[in-house]
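**Q** Have a peek at start_32.txt (compact mmCIF, C-alpha atoms).
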```
# COMPACT_ATOMS: atom_id res chain seq x y z
CA VAL A 117 -9.00 12.61 -1.74
CA GLN A 118 -10.98 9.42 -2.33
CA LEU A 119 -9.00 6.20 -2.69
CA GLN A 120 -10.17 3.02 -4.37
CA ALA A 121 -8.09 -0.11 -3.89
CA SER A 122 -8.40 -3.07 -6.22
CA GLY A 123 -6.53 -6.12 -7.48
CA GLY A 124 -6.92 -8.46 -4.55
CA GLY A 125 -7.85 -12.09 -4.93
CA LEU A 126 -6.99 -15.69 -4.19
CA VAL A 127 -3.54 -16.93 -5.17
CA GLN A 128 -1.39 -19.93 -4.34
CA ALA A 129 1.75 -19.58 -2.28
CA GLY A 130 4.61 -18.44 -4.46
CA GLY A 131 2.32 -16.57 -6.77
CA SER A 132 1.98 -12.87 -7.53
CA LEU A 133 -0.63 -10.13 -7.39
CA ARG A 134 -0.57 -6.45 -8.21
CA LEU A 135 -2.73 -4.13 -6.16
CA SER A 136 -3.79 -0.74 -7.44
CA CYS A 137 -5.06 2.29 -5.60
CA ALA A 138 -6.71 4.97 -7.69
CA ALA A 139 -7.18 8.46 -6.28
CA SER A 140 -10.00 10.78 -7.22
CA SER A 141 -8.10 14.00 -6.60
CA GLY A 142 -6.13 14.61 -9.76
CA ARG A 143 -4.70 17.99 -8.95
CA THR A 144 -3.23 17.09 -5.56
CA PHE A 145 -2.49 13.36 -5.79
CA SER A 146 1.12 13.99 -6.77
CA SER A 147 1.71 15.92 -3.56
CA TYR A 148 0.80 13.00 -1.29
CA ALA A 149 3.02 10.29 0.03
CA MET A 150 1.19 6.98 -0.31
CA GLY A 151 1.24 3.92 1.86
CA TRP A 152 -0.05 0.38 1.94
CA PHE A 153 -1.14 -1.29 5.15
CA ARG A 154 -2.72 -4.66 5.84
CA GLN A 155 -4.83 -6.25 8.51
CA ALA A 156 -5.21 -9.97 9.01
CA PRO A 157 -8.14 -11.45 10.97
CA GLY A 158 -7.60 -11.04 14.68
CA LYS A 159 -4.48 -8.96 14.22
CA GLU A 160 -3.68 -5.28 14.31
CA ARG A 161 -3.19 -3.28 11.16
CA GLU A 162 0.43 -3.27 10.05
CA PHE A 163 2.54 -1.20 7.73
CA VAL A 164 3.57 -2.75 4.42
CA ALA A 165 5.19 -0.09 2.23
CA ALA A 166 5.23 3.63 1.47
CA ILE A 167 6.38 5.88 -1.34
CA SER A 168 7.11 9.59 -1.40
CA TRP A 169 5.22 12.10 -3.51
CA SER A 170 7.78 11.89 -6.33
CA GLY A 171 8.34 8.16 -6.15
CA GLY A 172 11.98 8.80 -5.35
CA SER A 173 11.86 7.28 -1.88
CA THR A 174 10.34 4.04 -0.69
CA ILE A 175 10.29 2.12 2.56
CA TYR A 176 9.15 -1.42 3.32
CA ALA A 177 8.31 -3.58 6.26
CA ASP A 178 10.98 -6.18 6.88
CA SER A 179 8.45 -8.94 6.29
CA VAL A 180 7.90 -7.92 2.65
CA LYS A 181 11.27 -6.46 1.71
CA GLY A 182 12.61 -8.08 -1.45
CA ARG A 183 9.20 -9.52 -2.37
CA PHE A 184 6.93 -6.46 -2.66
CA THR A 185 7.47 -3.32 -4.71
CA ILE A 186 5.56 -0.08 -4.32
CA SER A 187 5.38 2.33 -7.24
CA ARG A 188 3.23 5.20 -8.46
CA ASP A 189 2.10 6.84 -11.65
CA ASN A 190 1.16 10.43 -10.89
CA ALA A 191 -0.19 10.93 -14.39
CA LYS A 192 -2.74 8.20 -13.66
CA ASN A 193 -3.31 9.15 -10.00
CA THR A 194 -2.51 5.59 -9.06
CA VAL A 195 -0.19 3.79 -6.67
CA TYR A 196 0.66 0.12 -7.07
CA LEU A 197 1.86 -2.71 -4.89
CA GLN A 198 3.47 -5.56 -6.80
CA MET A 199 3.51 -8.63 -4.57
CA ASN A 200 5.69 -11.57 -5.55
CA SER A 201 6.58 -14.82 -3.80
CA LEU A 202 3.42 -14.57 -1.76
CA LYS A 203 3.13 -16.53 1.46
CA PRO A 204 0.06 -17.63 3.42
CA GLU A 205 1.02 -15.13 6.11
CA ASP A 206 0.48 -12.33 3.57
CA THR A 207 -3.25 -13.06 3.72
CA ALA A 208 -5.01 -9.89 4.84
CA VAL A 209 -7.15 -6.98 3.77
CA TYR A 210 -4.84 -4.47 2.14
CA TYR A 211 -5.50 -0.74 2.48
CA CYS A 212 -3.97 2.19 0.68
CA ALA A 213 -3.59 5.54 2.39
CA ALA A 214 -2.52 9.09 1.52
CA ASP A 215 -0.26 11.31 3.63
CA GLY A 216 -0.46 15.01 2.87
CA TYR A 217 3.06 15.61 4.20
CA GLY A 218 4.41 14.14 0.98
CA VAL A 219 7.84 13.02 2.08
CA LEU A 220 8.73 9.88 3.96
CA GLY A 221 9.99 9.86 7.50
CA GLY A 222 10.00 7.77 10.62
CA SER A 223 6.28 8.31 11.09
CA SER A 224 5.42 6.94 7.65
CA LYS A 225 5.08 3.45 9.13
CA TYR A 226 2.27 4.57 11.40
CA GLY A 227 -1.32 4.72 10.30
CA ASN A 228 -2.08 7.91 12.19
CA SER A 229 0.26 9.79 9.84
CA TYR A 230 -2.14 9.27 6.95
CA ASP A 231 -5.04 11.56 6.14
CA TYR A 232 -7.12 9.45 3.76
CA TRP A 233 -7.81 5.73 3.48
CA GLY A 234 -9.23 3.45 0.83
CA GLN A 235 -11.79 0.74 1.49
CA GLY A 236 -9.44 -2.26 1.36
CA THR A 237 -9.03 -5.23 -0.93
CA GLN A 238 -8.79 -8.84 0.22
CA VAL A 239 -5.69 -10.88 -0.54
CA THR A 240 -5.81 -14.59 0.26
CA VAL A 241 -2.78 -16.81 -0.21
CA SER A 242 -3.38 -20.54 -0.05
CA SER A 243 -0.71 -23.01 0.97
```
Kindly present the structure from the file in C-alpha cells form.
**A**
Amino acid sequence: VQLQASGGGLVQAGGSLRLSCAASSGRTFSSYAMGWFRQAPGKEREFVAAISWSGGSTIYADSVKGRFTISRDNAKNTVYLQMNSLKPEDTAVYYCAADGYGVLGGSSKYGNSYDYWGQGTQVTVSS
C-alpha cells in the first residue's frame, strides 16, 4: 500500500484544515485501520487519531479530542483528518499510516503497529 498525504499548509490560530491521505491499493484499503501521527521539530512522533477498517470506531489523542475528526471513504481509498480550532502547538509534519490488523485496540496509538506510512504533510499554525 502506498500512501500520499496532502492538505497541509499555513493557517492562523483558530482556523481549520483538512488533511487527506490517498492509498494506492484499492482492493485492500478497506481492510486497513488508518492512523494519523505528527512530529514537531525536536519532538518525538505522537499519535493523533485512528479509525477502524469500517469507520465504525475512532480514537483520538487527548490533545486533539473535540477539535479533530478522522473519517474515511473506502470507495475513494482515502482517509481524512478534519482539524478545527487549530493551535500553534498543532504545528508539525502530519503522517498517515495503515495497519493491516484492521480493528482498533490499545496498540493503535503506537507507530510500530502500522505497516505502511505516507510521506508527511506540513501543518503550520501561526499565533
**Q** Return as JSON lines the residues of stretch 158-215 of chain A lying at most 10 Å from stretch 125-147 of chain A, together with the closest atom-to-atom pair for each and the distance in Å to one decimal, counting all atoms listed in the file, with rows in chain order and ascending residue number.
**A**
```
{"residue": "A:Ser168", "atom": "CA", "partner": "A:Ser147", "partner_atom": "CA", "distance": 8.6}
{"residue": "A:Trp169", "atom": "CA", "partner": "A:Ser147", "partner_atom": "CA", "distance": 5.2}
{"residue": "A:Ser170", "atom": "CA", "partner": "A:Ser146", "partner_atom": "CA", "distance": 7.0}
{"residue": "A:Gly171", "atom": "CA", "partner": "A:Ser146", "partner_atom": "CA", "distance": 9.3}
{"residue": "A:Arg183", "atom": "CA", "partner": "A:Ser132", "partner_atom": "CA", "distance": 9.5}
{"residue": "A:Phe184", "atom": "CA", "partner": "A:Arg134", "partner_atom": "CA", "distance": 9.3}
{"residue": "A:Thr185", "atom": "CA", "partner": "A:Arg134", "partner_atom": "CA", "distance": 9.3}
{"residue": "A:Ile186", "atom": "CA", "partner": "A:Leu135", "partner_atom": "CA", "distance": 9.4}
{"residue": "A:Ser187", "atom": "CA", "partner": "A:Ser136", "partner_atom": "CA", "distance": 9.7}
{"residue": "A:Arg188", "atom": "CA", "partner": "A:Ser146", "partner_atom": "CA", "distance": 9.2}
{"residue": "A:Asp189", "atom": "CA", "partner": "A:Ser146", "partner_atom": "CA", "distance": 8.7}
{"residue": "A:Asn190", "atom": "CA", "partner": "A:Ser146", "partner_atom": "CA", "distance": 5.4}
{"residue": "A:Ala191", "atom": "CA", "partner": "A:Ser146", "partner_atom": "CA", "distance": 8.3}
{"residue": "A:Lys192", "atom": "CA", "partner": "A:Ala138", "partner_atom": "CA", "distance": 7.9}
{"residue": "A:Asn193", "atom": "CA", "partner": "A:Ala139", "partner_atom": "CA", "distance": 5.4}
{"residue": "A:Thr194", "atom": "CA", "partner": "A:Ala138", "partner_atom": "CA", "distance": 4.5}
{"residue": "A:Val195", "atom": "CA", "partner": "A:Cys137", "partner_atom": "CA", "distance": 5.2}
{"residue": "A:Tyr196", "atom": "CA", "partner": "A:Ser136", "partner_atom": "CA", "distance": 4.5}
{"residue": "A:Leu197", "atom": "CA", "partner": "A:Leu135", "partner_atom": "CA", "distance": 5.0}
{"residue": "A:Gln198", "atom": "CA", "partner": "A:Arg134", "partner_atom": "CA", "distance": 4.4}
{"residue": "A:Met199", "atom": "CA", "partner": "A:Leu133", "partner_atom": "CA", "distance": 5.2}
{"residue": "A:Asn200", "atom": "CA", "partner": "A:Ser132", "partner_atom": "CA", "distance": 4.4}
{"residue": "A:Ser201", "atom": "CA", "partner": "A:Gly130", "partner_atom": "CA", "distance": 4.2}
{"residue": "A:Leu202", "atom": "CA", "partner": "A:Gly130", "partner_atom": "CA", "distance": 4.9}
{"residue": "A:Lys203", "atom": "CA", "partner": "A:Ala129", "partner_atom": "CA", "distance": 5.0}
{"residue": "A:Pro204", "atom": "CA", "partner": "A:Ala129", "partner_atom": "CA", "distance": 6.3}
{"residue": "A:Glu205", "atom": "CA", "partner": "A:Ala129", "partner_atom": "CA", "distance": 9.5}
{"residue": "A:Asp206", "atom": "CA", "partner": "A:Ala129", "partner_atom": "CA", "distance": 9.4}
{"residue": "A:Thr207", "atom": "CA", "partner": "A:Leu126", "partner_atom": "CA", "distance": 9.1}
{"residue": "A:Tyr210", "atom": "CA", "partner": "A:Leu135", "partner_atom": "CA", "distance": 8.6}
{"residue": "A:Tyr211", "atom": "CA", "partner": "A:Cys137", "partner_atom": "CA", "distance": 8.6}
{"residue": "A:Cys212", "atom": "CA", "partner": "A:Cys137", "partner_atom": "CA", "distance": 6.4}
{"residue": "A:Ala213", "atom": "CA", "partner": "A:Cys137", "partner_atom": "CA", "distance": 8.8}
{"residue": "A:Ala214", "atom": "CA", "partner": "A:Phe145", "partner_atom": "CA", "distance": 8.5}
{"residue": "A:Asp215", "atom": "CA", "partner": "A:Ser147", "partner_atom": "CA", "distance": 8.8}
```
**Q** Give the padded box for stretch 194-199 of chain A as JSON: axis-aligned, covering all atoms listed in the file, 3 Å on each side, centre and edge lengths in Å to one decimal.
**A**
```
{"center_x": 0.5, "center_y": -1.5, "center_z": -6.8, "size_x": 12.0, "size_y": 20.2, "size_z": 10.5}
```
**Q** To one decimal place in Å, what is the distance between atom CA of A:Asp178 and atom CA of A:Arg161?
**A** 15.1 Å
**Q** Calculate how many Å separate atom CA of A:Gly236 from atom CA of A:Gln118, rounding to one decimal.
**A**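 One can read the atom CA of A:Gly236 to atom CA of A:Gln118 distance as 12.3 Å.
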**Q** For a test of reading the model, state the distance in Å between atom CA of A:Tyr217 and atom CA of A:Ala149, rounded to one decimal.
**A** 6.8 Å
**Q** Choose the residue, out of A:Gln120, A:Ser229, A:Ser179, A:Gln238, that has the smallest atom-to-atom separation from A:Ala165; count all atoms listed in the file.
**A**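 Residue with the minimum atom-to-atom distance to A:Ala165: A:Ser179.
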**Q** With distances taken over only C-alpha atoms, which residue among A:Ile167, A:Ala208, A:Val117, A:Ile175 lies nearest A:Arg154?
**A** A:Ala208
**Q** Can you tell me which residues surround A:Ala177 at a distance of at most 9 Å, considering all atoms listed in the file, apart from same-chain residues fewer than 5 positions away, and format the answer as a VMD selection string?
**A** chain A and resid 162 to 165 225
**Q** From the set A:Val209, A:Ala166, A:Ala156, A:Val180, which residue has the shortest atom-to-atom contact distance to A:Gly234, counting all atoms listed in the file?
**A**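 Closest candidate: A:Val209.
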